[in-house]
Amino acid sequence: MFYWILLALVPYFIQALALAVDEFILHHRRGLPRWERWGHPLDTLSVLLVNALALSFSFSQNFLFLFVLLGFFSCIFVTKDEWVHSEKCSAFEHWLHGILFICHPLTFVSTCFFWILRDRPTIVGFDLASSQTGAVVLVGQVLLLSAFFAYQIIYWNFVRPPACDSVEKSSLPVTQSASAGPQ
């Protein structure tokens, strides 16, 4: 049974690793224009809401239905930037986004597993003692997502200088005034 718990943690770890590379290497290197500085925290919020639902309510058919709806919305919502990313990102960043898109719904499957494990462990063949593991993972996910959400808002909108908007402006043609050139 321990192996099932480890297997359910794998999507979280892969997503965390890919997200760390995307955020702390690629985004820091290229900077984020204004739409991404607010759009990425909204992506995180969409994931946080799904996980917070599982943490806050006992597993039931009604809440499972809401969980699936929110999860489906989140999976579609996080793709919103890909139209612009096609022009702004490297091939490696596109590949990494693909990995994140694969992991995204898998993390919701894992969250649902830990939700069931916490509230109804016998449904998935575990004993009642396993419910604490489910609770710890759900709390951990919500805390990590909340911290990342806060970081994204604070760092990209209040700490990092808005000079990265120059990336948006750099696509404009550069014209040189007559007085700027060599005489």
# chains A, B, ... in the order shown; residues from 1 in each chain; ligands from 1
>>> residues_around(residues="stretch 19-32 of chain A", least_positions_apart="3", cutoff="7 Å", atoms="only C-alpha atoms", output="PDB file with C-alpha atoms, in the first residue's frame")
ATOM      1  CA  GLN A  15       5.236  19.237 -11.645  1.00  0.00           C
ATOM      2  CA  ALA A  16       7.174  20.958  -8.844  1.00  0.00           C
ATOM      3  CA  GLU A  36       2.003  37.086 -17.397  1.00  0.00           C
ATOM      4  CA  ARG A  37       2.744  38.764 -14.063  1.00  0.00           C
ATOM      5  CA  GLU A  93      10.203  26.417 -22.447  1.00  0.00           C
ATOM      6  CA  CYS A 164      10.561  43.466 -18.182  1.00  0.00           C
TER       7      CYS A 164
END
>>> residues_around(residues="A:Leu42", least_positions_apart="4", cutoff="9 Å", atoms="only C-alpha atoms", output="list in words")
Trp38, Ser46, Val47, Phe77, Val78 and Phe149 of chain A
>>> closest_residue(among="A:Phe65, A:Pro33, A:Ile99, A:Ala129", to="A:His85", atoms="only C-alpha atoms")
A:Pro33
>>> residues_around(residues="A:Arg120", least_positions_apart="2", cutoff="12 Å", atoms="only C-alpha atoms", output="list of chain:residue names")
A:Ser58, A:Phe59, A:Ser60, A:Cys112, A:Phe113, A:Phe114, A:Trp115, A:Ile116, A:Leu117, A:Arg118, A:Thr122, A:Ile123, A:Val124, A:Gly125, A:Phe126, A:Asp127, A:Leu128, A:Ala129, A:Ser130, A:Ser131, A:Gln132, A:Gly134, A:Ala135
>>> residues_around(residues="A:Leu7", least_positions_apart="4", cutoff="12 Å", atoms="only C-alpha atoms", output="list in words")
Met1, Phe2, Tyr3, Pro11, Tyr12, Phe13, Ile14, Leu106, Thr107, Val109, Ser110, Phe113 and Phe114 of chain A
>>> write_last_selection(atoms="N, CA and C atoms", output="compact mmCIF listing (two decimals), in the first residue's frame")
# COMPACT_ATOMS: atom_id res chain seq x y z
N MET A 1 0.81 -1.20 0.00
CA MET A 1 0.00 0.00 0.00
C MET A 1 0.85 1.27 0.00
N PHE A 2 2.00 1.20 0.62
CA PHE A 2 2.92 2.34 0.66
C PHE A 2 3.32 2.77 -0.74
N TYR A 3 3.43 1.82 -1.66
CA TYR A 3 3.83 2.14 -3.03
C TYR A 3 2.78 2.97 -3.75
N PRO A 11 3.33 12.73 -9.59
CA PRO A 11 2.94 13.91 -10.38
C PRO A 11 3.24 15.24 -9.69
N TYR A 12 3.08 15.27 -8.36
CA TYR A 12 3.41 16.50 -7.61
C TYR A 12 4.90 16.84 -7.77
N PHE A 13 5.75 15.82 -7.63
CA PHE A 13 7.19 16.06 -7.69
C PHE A 13 7.63 16.48 -9.09
N ILE A 14 7.11 15.81 -10.11
CA ILE A 14 7.47 16.18 -11.48
C ILE A 14 6.99 17.59 -11.79
N LEU A 106 -2.92 15.16 -13.83
CA LEU A 106 -2.45 14.05 -12.99
C LEU A 106 -2.33 14.47 -11.53
N THR A 107 -1.96 15.74 -11.27
CA THR A 107 -1.91 16.19 -9.88
C THR A 107 -3.32 16.23 -9.28
N VAL A 109 -5.69 14.11 -10.08
CA VAL A 109 -5.98 12.70 -9.78
C VAL A 109 -5.33 12.34 -8.44
N SER A 110 -4.09 12.78 -8.24
CA SER A 110 -3.40 12.52 -6.97
C SER A 110 -4.12 13.19 -5.81
N PHE A 113 -7.07 11.20 -4.95
CA PHE A 113 -6.66 9.99 -4.23
C PHE A 113 -6.42 10.30 -2.75
N PHE A 114 -5.69 11.38 -2.47
CA PHE A 114 -5.39 11.72 -1.08
C PHE A 114 -6.64 12.23 -0.34
>>> residues_around(residues="A:Phe67", least_positions_apart="3", cutoff="7 Å", atoms="only C-alpha atoms", output="PyMOL selection string")
chain A and resi 50+53+63-64+70-71
>>> write_last_selection(atoms="C-alpha atoms", output="PDB file, in the first residue's frame")
ATOM      1  CA  VAL A  50      -9.256  22.659  -6.538  1.00  0.00           C
ATOM      2  CA  LEU A  53     -11.911  22.222  -2.006  1.00  0.00           C
ATOM      3  CA  PHE A  63     -18.073  17.751  -3.899  1.00  0.00           C
ATOM      4  CA  LEU A  64     -16.416  15.306  -6.302  1.00  0.00           C
ATOM      5  CA  LEU A  70     -12.982  23.104 -11.136  1.00  0.00           C
ATOM      6  CA  GLY A  71     -10.183  20.770 -12.220  1.00  0.00           C
TER       7      GLY A  71
END
>>> closest_residue(among="A:Thr44, A:Thr111, A:Ser56, A:Ser86", to="A:Leu9", atoms="only C-alpha atoms")
A:Thr111
